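Visitor: Data: data30.cif, mmCIF, C-alpha atoms.
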```cif
data_upload
#
loop_
_atom_site.label_atom_id
_atom_site.label_comp_id
_atom_site.auth_asym_id
_atom_site.auth_seq_id
_atom_site.Cartn_x
_atom_site.Cartn_y
_atom_site.Cartn_z
CA MET A 45 34.65 19.62 -12.27
CA GLY A 46 31.31 18.72 -13.85
CA PHE A 47 30.57 15.96 -11.36
CA GLU A 48 31.67 18.20 -8.51
CA SER A 49 29.12 20.82 -9.54
CA VAL A 50 26.37 18.16 -9.68
CA LEU A 51 27.29 17.06 -6.17
CA SER A 52 27.37 20.65 -4.93
CA ARG A 53 23.60 20.82 -5.48
CA LEU A 54 23.37 18.68 -2.35
CA ASP A 55 25.08 21.33 -0.19
CA GLY A 56 23.17 23.71 2.03
CA ASP A 57 24.12 23.39 5.68
CA GLU A 58 23.86 26.04 8.34
CA PRO A 59 27.34 27.22 9.34
CA GLY A 60 29.06 25.02 11.90
CA THR A 61 26.55 22.15 11.76
CA ARG A 62 28.29 19.71 9.44
CA HIS A 63 30.53 18.02 11.96
CA GLY A 64 27.76 17.67 14.54
CA LYS A 65 25.38 15.94 12.17
CA LEU A 66 28.11 13.70 10.80
CA ARG A 67 29.12 12.61 14.30
CA ALA A 68 25.49 11.94 15.18
CA PHE A 69 25.04 9.80 12.09
CA GLN A 70 28.28 7.94 12.79
CA ILE A 71 27.10 6.99 16.26
CA ILE A 72 23.61 5.95 15.11
CA LEU A 73 25.07 3.92 12.23
CA ALA A 74 27.54 2.09 14.46
CA LEU A 75 24.85 1.41 17.09
CA VAL A 76 22.48 0.03 14.44
CA ILE A 77 25.16 -2.30 13.06
CA CYS A 78 26.11 -3.47 16.53
CA THR A 79 22.45 -4.06 17.43
CA GLU A 80 21.88 -5.98 14.20
CA TYR A 81 24.63 -8.44 15.08
CA GLY A 82 23.48 -8.62 18.70
CA THR A 83 19.81 -9.28 18.00
CA LYS A 84 20.53 -11.70 15.16
CA TYR A 85 23.11 -13.71 17.04
CA LEU A 86 21.28 -13.69 20.40
CA ARG A 87 18.53 -15.63 18.62
CA ARG A 88 21.08 -18.27 17.59
CA TRP A 89 23.01 -18.30 20.86
CA GLY A 90 24.74 -21.65 21.26
CA GLU A 91 24.96 -22.45 17.56
CA LEU A 92 27.24 -19.61 16.45
CA GLY A 93 30.36 -20.42 14.47
CA PRO A 94 33.75 -19.03 15.55
CA ASP A 95 33.74 -16.55 12.66
CA GLU A 96 30.37 -15.18 13.80
CA VAL A 97 31.57 -14.79 17.38
CA VAL A 98 34.68 -12.94 16.16
CA ALA A 99 32.54 -10.66 13.95
CA TRP A 100 30.16 -9.89 16.80
CA CYS A 101 32.99 -9.10 19.23
CA ALA A 102 34.79 -7.02 16.61
CA VAL A 103 31.70 -4.97 15.79
CA THR A 104 31.03 -4.34 19.47
CA VAL A 105 34.58 -3.08 20.07
CA LEU A 106 34.50 -1.01 16.87
CA THR A 107 31.17 0.56 17.87
CA VAL A 108 32.69 1.63 21.18
CA ALA A 109 35.60 3.15 19.26
CA VAL A 110 33.20 5.06 16.97
CA ALA A 111 31.20 6.36 19.92
CA HIS A 112 34.39 7.38 21.73
CA GLY A 113 35.47 9.21 18.62
CA ARG A 114 39.23 9.22 18.72
CA TRP A 115 39.74 6.16 16.49
CA ARG A 116 36.53 6.44 14.52
CA ARG A 117 38.08 6.30 11.05
CA PRO A 118 40.03 3.05 11.58
CA ALA A 119 36.98 1.73 13.42
CA PHE A 120 34.81 2.42 10.39
CA ALA A 121 37.39 0.71 8.18
CA GLY A 122 37.01 -2.33 10.46
CA ILE A 123 33.21 -2.15 10.31
CA ALA A 124 33.33 -1.95 6.50
CA LEU A 125 35.51 -5.08 6.47
CA VAL A 126 33.18 -6.97 8.83
CA GLN A 127 30.16 -6.02 6.72
CA THR A 128 31.99 -7.13 3.58
CA TRP A 129 32.76 -10.46 5.26
CA TYR A 130 29.07 -10.75 6.18
CA VAL A 131 27.91 -10.08 2.62
CA PHE A 132 30.31 -12.68 1.23
CA SER A 133 29.49 -15.26 3.90
CA LEU A 134 25.78 -15.04 3.08
CA PHE A 135 26.17 -14.37 -0.64
CA PRO A 136 23.86 -13.87 -2.49
CA MET A 137 21.25 -13.62 0.28
CA ALA A 138 22.64 -10.81 2.47
CA GLY A 139 20.13 -8.00 2.90
CA ASN A 140 20.67 -4.77 0.99
CA HIS A 141 21.14 -2.78 4.20
CA ARG A 142 24.42 -4.64 4.78
CA TYR A 143 25.77 -3.35 1.47
CA LEU A 144 24.60 0.14 2.36
CA GLU A 145 26.21 -0.04 5.80
CA ALA A 146 29.48 -1.21 4.23
CA ALA A 147 29.33 1.74 1.81
CA PHE A 148 28.57 4.26 4.57
CA ALA A 149 31.34 2.84 6.78
CA ALA A 150 33.88 2.82 3.94
CA THR A 151 33.05 6.47 3.20
CA PHE A 152 33.55 7.44 6.84
CA ALA A 153 36.87 5.58 6.82
CA ALA A 154 38.06 7.24 3.64
CA LEU A 155 37.13 10.86 4.35
CA ASP A 156 38.07 12.99 7.33
CA ASP A 157 34.96 14.52 8.93
CA GLU A 158 37.05 17.40 10.38
CA ASP A 159 38.92 18.41 7.24
CA GLY A 160 36.99 21.16 5.41
CA ALA A 161 37.09 19.80 1.85
CA GLU A 162 36.79 16.16 2.88
CA GLN A 163 33.95 16.99 5.25
CA VAL A 164 32.00 18.57 2.39
CA LEU A 165 32.63 15.59 0.10
CA LEU A 166 31.69 13.21 2.92
CA LEU A 167 28.28 14.82 3.37
CA ARG A 168 27.72 14.97 -0.38
CA SER A 169 28.60 11.27 -0.68
CA LEU A 170 26.26 10.17 2.08
CA ARG A 171 23.43 12.26 0.65
CA THR A 172 24.03 10.84 -2.83
CA MET A 173 23.71 7.32 -1.44
CA VAL A 174 20.41 8.19 0.24
CA LEU A 175 19.05 9.59 -3.04
CA VAL A 176 20.17 6.55 -5.01
CA VAL A 177 18.56 4.08 -2.58
CA LEU A 178 15.31 6.03 -2.34
CA PHE A 179 15.00 6.62 -6.09
CA TYR A 180 15.77 3.06 -7.15
CA SER A 181 13.52 1.66 -4.45
CA GLY A 182 10.64 3.38 -6.26
CA LEU A 183 11.94 2.67 -9.76
CA GLN A 184 12.31 -1.07 -9.11
CA LYS A 185 8.68 -1.19 -7.94
CA LEU A 186 7.65 0.59 -11.13
CA VAL A 187 9.65 -1.45 -13.65
CA HIS A 188 8.80 -4.89 -12.27
CA GLY A 189 5.11 -4.02 -12.49
CA TYR A 190 3.84 -5.64 -9.30
CA TRP A 191 2.76 -2.35 -7.71
CA LEU A 192 0.72 -0.87 -10.55
CA ARG A 193 -2.44 -2.85 -9.73
CA GLY A 194 -1.63 -3.79 -6.14
CA GLN A 195 -0.44 -7.33 -6.96
CA PHE A 196 2.56 -7.20 -4.62
CA LEU A 197 0.53 -5.98 -1.65
CA ALA A 198 -2.09 -8.66 -2.39
CA TRP A 199 0.63 -11.32 -2.40
CA SER A 200 2.15 -9.90 0.82
CA LEU A 201 -1.01 -10.67 2.78
CA TRP A 202 0.57 -14.00 3.75
CA GLN A 203 2.48 -11.98 6.38
CA ASP A 204 0.69 -11.05 9.62
CA SER A 205 1.93 -7.46 9.65
CA PHE A 206 0.70 -6.82 6.08
CA ARG A 207 -2.65 -8.46 6.86
CA THR A 208 -3.18 -6.24 9.90
CA ALA A 209 -2.26 -3.06 8.05
CA LEU A 210 -4.10 -3.71 4.79
CA GLU A 211 -7.29 -5.40 5.97
CA PRO A 212 -9.11 -2.06 6.49
CA LEU A 213 -8.49 -1.19 2.83
CA LEU A 214 -10.10 -4.34 1.45
CA PRO A 215 -13.72 -5.54 1.33
CA ALA A 216 -14.15 -8.53 3.67
CA GLU A 217 -14.76 -11.07 0.88
CA GLU A 218 -11.77 -9.87 -1.13
CA PHE A 219 -9.55 -10.01 1.96
CA ALA A 220 -10.72 -13.57 2.65
CA ARG A 221 -10.10 -14.58 -0.98
CA LEU A 222 -6.60 -13.06 -1.15
CA THR A 223 -5.49 -14.57 2.16
CA SER A 224 -6.62 -18.03 1.05
CA HIS A 225 -4.31 -18.24 -1.99
CA GLY A 226 -1.08 -20.25 -1.95
CA TRP A 227 2.15 -20.00 -3.94
CA SER A 228 1.79 -23.04 -6.18
CA ALA A 229 1.19 -22.95 -9.93
CA GLY A 230 -2.45 -22.05 -10.60
CA ASP A 231 -2.96 -20.28 -7.27
CA GLY A 232 -4.49 -16.82 -7.43
CA PRO A 233 -5.59 -14.50 -8.75
CA TYR A 234 -3.70 -11.94 -6.69
CA VAL A 235 -5.80 -9.22 -8.28
CA VAL A 236 -7.19 -6.36 -6.25
CA THR A 237 -10.41 -4.48 -6.99
CA SER A 238 -10.14 -2.21 -3.92
CA ARG A 239 -9.42 1.28 -5.22
CA PRO A 240 -7.82 2.51 -1.95
CA LEU A 241 -5.30 -0.35 -2.04
CA VAL A 242 -4.42 0.29 -5.69
CA LEU A 243 -4.02 4.00 -4.94
CA LEU A 244 -1.81 3.25 -1.93
CA SER A 245 0.27 0.83 -4.00
CA ASN A 246 0.95 3.44 -6.66
CA ALA A 247 1.42 6.25 -4.16
CA ILE A 248 4.29 4.35 -2.53
CA TRP A 249 6.59 3.95 -5.53
CA LEU A 250 5.68 7.38 -6.81
CA SER A 251 6.47 8.95 -3.41
CA GLU A 252 9.85 7.26 -3.21
CA MET A 253 10.94 8.58 -6.59
CA ALA A 254 9.41 12.02 -6.07
CA LEU A 255 10.90 12.46 -2.60
CA ALA A 256 14.35 11.55 -3.93
CA ALA A 257 13.96 14.41 -6.40
CA LEU A 258 12.52 16.80 -3.80
CA LEU A 259 15.44 16.21 -1.43
CA ILE A 260 17.74 18.01 -3.89
CA PRO A 261 16.39 21.61 -4.11
CA ARG A 262 16.94 23.51 -0.88
CA ALA A 263 13.44 24.97 -1.08
CA THR A 264 11.76 21.55 -0.80
CA ARG A 265 14.41 19.74 1.22
CA THR A 266 12.93 20.10 4.70
CA PHE A 267 9.47 19.01 3.51
CA ALA A 268 10.99 16.06 1.63
CA CYS A 269 13.04 15.09 4.68
CA VAL A 270 10.00 15.02 6.95
CA ALA A 271 7.89 13.22 4.33
CA THR A 272 10.60 10.62 3.73
CA CYS A 273 10.89 9.91 7.44
CA ALA A 274 7.09 9.59 7.65
CA LEU A 275 7.16 7.18 4.70
CA ILE A 276 9.90 5.13 6.37
CA ALA A 277 7.96 5.06 9.66
CA ALA A 278 4.78 3.91 7.87
CA ALA A 279 6.72 1.27 5.93
CA GLU A 280 8.36 -0.05 9.08
CA LEU A 281 4.98 -0.52 10.75
CA VAL A 282 4.38 -3.14 8.09
CA ALA A 283 7.83 -4.37 7.05
CA ARG A 284 9.22 -4.33 10.63
CA GLU A 285 12.80 -3.81 9.46
CA LEU A 286 13.21 -1.42 12.35
CA MET A 287 16.99 -1.18 12.40
CA PHE A 288 17.21 -0.35 8.72
CA GLY A 289 14.40 2.15 9.29
CA VAL A 290 16.35 3.92 12.03
CA GLU A 291 19.50 3.96 9.94
CA PHE A 292 17.87 5.23 6.76
CA ALA A 293 15.79 7.85 8.57
CA ALA A 294 18.99 9.10 10.23
CA ALA A 295 20.75 9.21 6.87
CA THR A 296 17.81 11.17 5.42
CA LEU A 297 18.01 13.68 8.28
CA LEU A 298 21.53 14.52 7.07
CA PHE A 299 19.75 16.61 4.42
CA LEU A 300 18.34 19.03 7.00
CA PRO A 301 20.24 22.33 7.04
CA GLY A 302 20.62 22.34 10.83
CA ASP A 303 21.91 19.60 13.11
CA PHE A 304 18.59 18.20 14.29
CA LEU A 305 20.14 14.75 13.89
CA ARG A 306 22.20 15.33 17.04
CA ARG A 307 18.98 15.33 19.03
CA CYS A 308 18.06 11.96 17.55
CA VAL A 309 21.04 10.03 18.95
CA VAL A 310 19.56 9.35 22.38
CA PRO A 311 16.07 8.34 21.12
CA ALA A 312 17.67 6.10 18.48
CA ALA A 313 19.93 4.49 21.09
CA ALA A 314 16.93 3.97 23.39
CA LEU A 315 14.93 2.30 20.60
CA LEU A 316 17.84 0.03 19.70
CA ALA A 317 18.35 -0.87 23.37
CA ALA A 318 14.65 -1.74 23.57
CA LEU A 319 15.07 -4.10 20.60
CA VAL A 320 17.95 -5.84 22.40
CA LEU A 321 15.76 -6.18 25.50
CA VAL A 322 13.00 -7.69 23.34
CA ARG A 323 15.47 -10.22 22.00
CA LEU A 324 16.64 -11.00 25.54
CA GLY A 325 13.02 -11.57 26.58
CA VAL A 326 13.12 -8.79 29.19
CA VAL A 327 10.27 -6.91 27.52
CA PRO A 328 7.34 -8.47 25.58
CA GLU A 329 8.02 -9.87 22.13
CA VAL A 330 7.61 -7.54 19.17
CA VAL A 331 8.18 -8.95 15.69
CA PHE A 332 11.04 -7.20 13.90
CA HIS A 333 13.70 -8.16 11.37
CA MET B 208 42.45 16.39 -0.12
CA SER B 209 44.38 14.79 -2.94
CA ALA B 210 42.98 14.74 -6.47
CA LEU B 211 43.36 10.95 -6.45
CA LYS B 212 41.22 10.55 -3.35
CA ARG B 213 38.58 12.87 -4.79
CA SER B 214 38.53 10.88 -8.04
CA VAL B 215 38.25 7.55 -6.23
CA VAL B 216 35.28 8.80 -4.19
CA HIS B 217 33.62 10.21 -7.32
CA ALA B 218 34.15 6.91 -9.14
CA GLY B 219 32.68 5.01 -6.19
CA LEU B 220 29.58 7.24 -6.21
CA ILE B 221 29.11 6.79 -9.96
CA VAL B 222 29.31 3.00 -9.58
CA PHE B 223 26.92 3.20 -6.62
CA ALA B 224 24.44 5.16 -8.74
CA LEU B 225 24.72 3.07 -11.91
CA TRP B 226 24.85 -0.44 -10.45
CA PRO B 227 21.09 -0.56 -9.65
CA ALA B 228 20.31 0.18 -13.32
CA ALA B 229 22.48 -2.79 -14.33
CA HIS B 230 20.79 -4.78 -11.56
CA ILE B 231 17.38 -4.13 -13.12
CA GLY B 232 18.74 -5.60 -16.36
CA LEU B 233 19.96 -8.69 -14.48
CA VAL B 234 16.55 -9.11 -12.85
CA ARG B 235 14.75 -8.95 -16.17
CA THR B 236 17.23 -11.10 -18.09
CA TRP B 237 18.36 -13.72 -15.57
CA GLU B 238 15.60 -13.55 -12.94
CA VAL B 239 18.08 -12.29 -10.35
CA ASN B 240 16.25 -11.51 -7.09
CA PRO B 241 15.37 -7.79 -7.03
CA TRP B 242 15.55 -7.86 -3.21
CA LYS B 243 19.23 -8.79 -3.21
CA LEU B 244 22.63 -7.61 -4.47
CA ALA B 245 22.26 -3.90 -3.69
CA GLY B 246 19.76 -3.10 -6.40
CA TRP B 247 17.50 -1.48 -3.81
CA GLY B 248 14.50 -3.43 -5.10
CA MET B 249 13.30 -4.66 -1.72
CA TYR B 250 9.56 -5.44 -1.82
CA SER B 251 9.40 -4.71 -5.56
CA ALA B 252 8.39 -8.25 -6.52
CA PRO B 253 7.38 -11.50 -4.80
CA GLN B 254 10.29 -13.79 -4.02
CA ILE B 255 9.12 -17.39 -4.25
CA PRO B 256 11.55 -20.28 -3.79
CA ALA B 257 12.01 -22.77 -6.63
CA GLU B 258 11.54 -26.53 -6.38
CA LEU B 259 13.70 -29.27 -7.85
CA ARG B 260 12.67 -32.40 -9.73
CA ILE B 261 15.56 -34.77 -10.14
CA SER B 262 15.83 -37.81 -12.39
CA CYS B 263 18.71 -40.21 -12.96
CA PHE B 264 19.69 -41.61 -16.37
CA THR B 265 20.41 -45.33 -16.21
CA PRO B 266 21.89 -47.79 -18.75
CA ASP B 267 18.91 -50.20 -18.33
CA GLU B 268 15.92 -50.29 -20.69
CA VAL B 269 13.90 -47.90 -18.47
CA GLY B 270 16.46 -45.17 -19.03
CA VAL B 271 15.17 -42.53 -16.61
CA HIS B 272 14.29 -42.92 -12.94
CA PRO B 273 12.74 -40.04 -10.98
CA LEU B 274 14.57 -39.52 -7.70
CA THR B 275 11.72 -39.11 -5.23
CA ALA B 276 13.87 -38.65 -2.12
CA LEU B 277 17.33 -37.16 -1.91
CA PRO B 278 19.89 -38.92 0.32
CA PRO B 279 20.23 -36.96 3.60
CA GLU B 280 23.93 -36.26 3.00
CA LEU B 281 23.01 -34.30 -0.17
CA GLU B 282 20.40 -32.11 1.51
CA ALA B 283 22.95 -29.41 2.32
CA THR B 284 24.08 -29.29 -1.34
CA ARG B 285 20.46 -29.07 -2.50
CA TYR B 286 19.74 -26.27 0.00
CA GLU B 287 22.88 -24.42 -1.07
CA TYR B 288 21.77 -24.50 -4.71
CA LEU B 289 18.20 -23.40 -3.93
CA ARG B 290 19.58 -20.52 -1.88
CA ALA B 291 21.85 -19.46 -4.74
CA ARG B 292 18.90 -19.82 -7.16
CA LEU B 293 16.73 -17.58 -5.00
CA GLY B 294 19.38 -14.87 -5.07
CA LEU B 295 20.98 -15.22 -8.48
CA GLY B 296 18.12 -16.60 -10.54
CA ARG B 297 19.20 -18.46 -13.67
CA LEU B 298 22.79 -17.33 -13.17
CA ALA B 299 23.00 -20.12 -10.55
CA ARG B 300 23.37 -23.59 -12.09
CA PRO B 301 22.94 -26.89 -10.17
CA THR B 302 26.32 -28.23 -11.27
CA GLY B 303 27.50 -28.95 -7.70
CA LEU B 304 24.35 -30.91 -6.92
CA ALA B 305 24.63 -32.90 -10.16
CA ARG B 306 28.27 -33.71 -9.42
CA ALA B 307 27.36 -34.84 -5.90
CA LEU B 308 24.61 -37.09 -7.30
CA LEU B 309 26.95 -38.63 -9.87
CA ASP B 310 29.47 -39.34 -7.10
CA ARG B 311 26.77 -40.79 -4.83
CA TYR B 312 25.33 -43.10 -7.50
CA PRO B 313 28.22 -44.57 -9.54
CA ALA B 314 25.84 -46.79 -11.59
CA ILE B 315 23.94 -43.95 -13.22
CA ASP B 316 24.89 -42.37 -16.54
CA GLY B 317 23.73 -38.87 -15.74
CA VAL B 318 21.18 -36.69 -14.01
CA SER B 319 18.44 -34.33 -15.07
CA ILE B 320 17.57 -31.49 -12.72
CA VAL B 321 14.40 -29.57 -13.46
CA VAL B 322 14.16 -26.26 -11.64
CA ALA B 323 10.49 -25.35 -11.24
CA GLN B 324 10.20 -21.64 -10.49
CA PRO B 325 6.78 -20.30 -9.44
CA VAL B 326 6.29 -16.76 -10.75
CA LEU B 327 3.39 -14.41 -10.09
CA ASN B 328 2.05 -13.29 -13.46
CA ARG B 329 1.69 -9.54 -13.03
CA ARG B 330 -1.04 -9.34 -15.68
CA THR B 331 -3.34 -12.19 -14.63
CA GLY B 332 -2.39 -12.32 -10.94
CA PHE B 333 -2.06 -16.12 -11.07
CA VAL B 334 1.03 -18.04 -9.98
CA GLU B 335 2.64 -19.75 -12.97
CA GLU B 336 5.46 -22.25 -13.07
CA PHE B 337 8.46 -21.87 -15.34
CA THR B 338 10.88 -24.76 -15.64
CA THR B 339 14.52 -24.90 -16.63
CA THR B 340 16.08 -28.30 -17.30
CA TYR B 341 19.75 -29.03 -16.73
CA GLU B 342 21.21 -32.33 -17.90
CA TYR B 343 24.56 -33.65 -16.80
CA ARG B 344 26.16 -36.77 -18.31
CA ARG B 345 28.99 -38.70 -16.79
#
```
Go through the file and emit its structure as structure tokens.
Guide:
Amino acid sequence: MGFESVLSRLDGDEPGTRHGKLRAFQIILALVICTEYGTKYLRRWGELGPDEVVAWCAVTVLTVAVAHGRWRRPAFAGIALVQTWYVFSLFPMAGNHRYLEAAFAATFAALDDEDGAEQVLLLRSLRTMVLVVLFYSGLQKLVHGYWLRGQFLAWSLWQDSFRTALEPLLPAEEFARLTSHGWSAGDGPYVVTSRPLVLLSNAIWLSEMALAALLIPRATRTFACVATCALIAAAELVARELMFGVEFAAATLLFLPGDFLRRCVVPAAALLAALVLVRLGVVPEVVFH
Amino acid sequence: MSALKRSVVHAGLIVFALWPAAHIGLVRTWEVNPWKLAGWGMYSAPQIPAELRISCFTPDEVGVHPLTALPPELEATRYEYLRARLGLGRLARPTGLARALLDRYPAIDGVSIVVAQPVLNRRTGFVEEFTTTYEYRR
């Protein structure tokens, strides 16, 4: 009963909106997973193993089943299994989003989105997962200590997207120095004197932890939802993990009291289709992971 | 909804919420990669691959011979270990690689595998190298 009352703090939906937002998230989640396999495997076309081909075909069929709706729970059970296979096949190097997708899919398989009590627990579960990911994302940056004086961002300048985004925050000579360092013993120092970069570095982990807390009270939830999505969008401009960005932003929008998420399905599908077209070479190359 | 199902979901959520705290402990104790294993520590620390320095113990008077080049058929085993090392830190041991080397070179007595791990010192900002030595005797 105690845990139930803790979870109930995450409630707060306008009447009749729960099923709509859950369905919207289901479709976006399945499309993201399907696109991840498609864009990853299209790049390795011709060298795929039989297990990878089976996984790709399975995910495509299961995504259609989720979008259709009638068999969405068994389809999500299948997606959870495929994601578990993926995590084990790449262990320990599978990306965290695969674990999260497996957890989301397993929750959708386990709980009925049309049954009153299960529907409530389903939404509470998904929201809890969002809070956990957001909070620990900030906490890990804090405890490992590479964000307190901008060391991680300084080290990240080896990547083009980080260089482009962070160059305006650094004096020219410091930018040149930091981009000249290597990764061998004695290389460095990856120390930043630019105050704006140090402020940005600390603002990021602090925002992640604070927004996780602000998503809980109903009074601050809408602000926190919008701010979290803005933070994700800004992060994706640099990190370019666009599919995870779409998925996590959609999961965050589950916190909104209304069913705004339903209006996001078509734009999300269009963005994911554009990423497939990029991978197919139909539209100009954009770097994304 | 059955009480059992409710309890299973609650238990799953508690594990989901507590695992990252345990993960932080693994990162600090065993150098597990904060980016991996669902600890949600993506971008929290640099991930720099380790390098290997391999030597063979021989029964001659020299005793130790550095292995400057690995036979091509062992490259996959070496890559597999380095991949595991990048994810699991010091929880990954190069036992498979050592065994493969002992099988490949029947005349040697043993192997020494030094794992050189570059680490960004968060205080000084310089890259430092930490080594762990594993010795395997026939």
Visitor: Tell me which protein, DNA and RNA residues are within 12 Å of Gln70 of chain A, counting only C-alpha atoms, leaving out same-chain ones fewer than 3 positions away, and put them as a PyMOL selection string.
Guide: chain A and resi 63-67+73-77+106-113+116-117+119-120+123+145+148-153+157+166-167+170+291+294-295+298+305-306+308-309
Visitor: So which residues touch Gly332 of chain B within 12 Å, counting all atoms listed in the file, skipping near sequence neighbours fewer than 6 positions away, as an MDAnalysis selection string?
Guide: (chainID A and resid 189:199 222 225 227 229:237) or (chainID B and resid 253 326)
Visitor: Got a sec: who's within 10 Å of Leu309 of chain B, counting all atoms listed in the file, leaving out chain neighbours fewer than 3 positions off, as a count of residues only?
Guide: 15
Visitor: So which residues get picked by the PyMOL selection byres ((chain A and resi 90-96) around 12) here, written as a list in words?
Guide: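 On the file shown, the PyMOL selection byres ((chain A and resi 90-96) around 12) covers Tyr81, Gly82, Lys84, Tyr85, Leu86, Arg87, Arg88, Trp89, Val97, Val98, Ala99, Trp100, Cys101, Ala102, Val103, Val126, Gln127, Trp129, Tyr130, Ser133 and Leu134 of chain A.
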Visitor: For the residues in that selection, give me C-alpha atoms as a PDB file, in the frame of the given file.
Guide:
```
ATOM      1  CA  TYR A  81      24.630  -8.440  15.080  1.00  0.00           C
ATOM      2  CA  GLY A  82      23.480  -8.620  18.700  1.00  0.00           C
ATOM      3  CA  LYS A  84      20.530 -11.700  15.160  1.00  0.00           C
ATOM      4  CA  TYR A  85      23.110 -13.710  17.040  1.00  0.00           C
ATOM      5  CA  LEU A  86      21.280 -13.690  20.400  1.00  0.00           C
ATOM      6  CA  ARG A  87      18.530 -15.630  18.620  1.00  0.00           C
ATOM      7  CA  ARG A  88      21.080 -18.270  17.590  1.00  0.00           C
ATOM      8  CA  TRP A  89      23.010 -18.300  20.860  1.00  0.00           C
ATOM      9  CA  VAL A  97      31.570 -14.790  17.380  1.00  0.00           C
ATOM     10  CA  VAL A  98      34.680 -12.940  16.160  1.00  0.00           C
ATOM     11  CA  ALA A  99      32.540 -10.660  13.950  1.00  0.00           C
ATOM     12  CA  TRP A 100      30.160  -9.890  16.800  1.00  0.00           C
ATOM     13  CA  CYS A 101      32.990  -9.100  19.230  1.00  0.00           C
ATOM     14  CA  ALA A 102      34.790  -7.020  16.610  1.00  0.00           C
ATOM     15  CA  VAL A 103      31.700  -4.970  15.790  1.00  0.00           C
ATOM     16  CA  VAL A 126      33.180  -6.970   8.830  1.00  0.00           C
ATOM     17  CA  GLN A 127      30.160  -6.020   6.720  1.00  0.00           C
ATOM     18  CA  TRP A 129      32.760 -10.460   5.260  1.00  0.00           C
ATOM     19  CA  TYR A 130      29.070 -10.750   6.180  1.00  0.00           C
ATOM     20  CA  SER A 133      29.490 -15.260   3.900  1.00  0.00           C
ATOM     21  CA  LEU A 134      25.780 -15.040   3.080  1.00  0.00           C
TER      22      LEU A 134
END
```
Visitor: Residues picked by the PyMOL selection byres ((chain B) within 9 of (chain A)) here, as a ChimeraX atom specification?
Guide: /B:208,212-213,216-217,220,223-225,227-228,231,234-235,241-253,255,290-291,293-295,325-336
Visitor: Just how far from atom CA of Gly270 of chain B is atom CA of Glu258 of chain B, in Å to one decimal?
Guide: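 So the answer is 23.1 Å.
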Visitor: Please indicate the distance in Å from atom CA of Thr83 of chain A to atom CA of Phe288 of chain A, rounded to one decimal place.
Guide: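 Going from atom CA of Thr83 of chain A over to atom CA of Phe288 of chain A, I get 13.1 Å.
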Visitor: Please complete segment 284-296 of chain B with N, CA and C atoms and give it back as a compact mmCIF listing (two decimals), in the frame of the given file.
Guide:
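Written out: result_8.txt:
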```
# COMPACT_ATOMS: atom_id res chain seq x y z
N THR B 284 23.72 -29.73 0.02
CA THR B 284 24.08 -29.29 -1.34
C THR B 284 22.84 -28.78 -2.06
N ARG B 285 21.72 -29.50 -1.87
CA ARG B 285 20.46 -29.07 -2.50
C ARG B 285 20.04 -27.70 -1.96
N TYR B 286 20.13 -27.54 -0.63
CA TYR B 286 19.74 -26.27 0.00
C TYR B 286 20.63 -25.13 -0.50
N GLU B 287 21.92 -25.44 -0.61
CA GLU B 287 22.88 -24.42 -1.07
C GLU B 287 22.52 -23.95 -2.48
N TYR B 288 22.14 -24.90 -3.35
CA TYR B 288 21.77 -24.50 -4.71
C TYR B 288 20.48 -23.67 -4.70
N LEU B 289 19.47 -24.13 -3.94
CA LEU B 289 18.20 -23.40 -3.93
C LEU B 289 18.37 -21.98 -3.39
N ARG B 290 19.28 -21.84 -2.45
CA ARG B 290 19.58 -20.52 -1.88
C ARG B 290 20.23 -19.62 -2.96
N ALA B 291 21.20 -20.22 -3.66
CA ALA B 291 21.85 -19.46 -4.74
C ALA B 291 20.84 -19.12 -5.82
N ARG B 292 19.93 -20.04 -6.13
CA ARG B 292 18.90 -19.82 -7.16
C ARG B 292 17.98 -18.68 -6.76
N LEU B 293 17.63 -18.63 -5.47
CA LEU B 293 16.73 -17.58 -5.00
C LEU B 293 17.38 -16.20 -5.13
N GLY B 294 18.69 -16.15 -4.97
CA GLY B 294 19.38 -14.87 -5.07
C GLY B 294 19.81 -14.52 -6.49
N LEU B 295 20.35 -15.51 -7.19
CA LEU B 295 20.98 -15.22 -8.48
C LEU B 295 20.14 -15.61 -9.69
N GLY B 296 18.98 -16.20 -9.44
CA GLY B 296 18.12 -16.60 -10.54
C GLY B 296 18.80 -17.63 -11.42
```
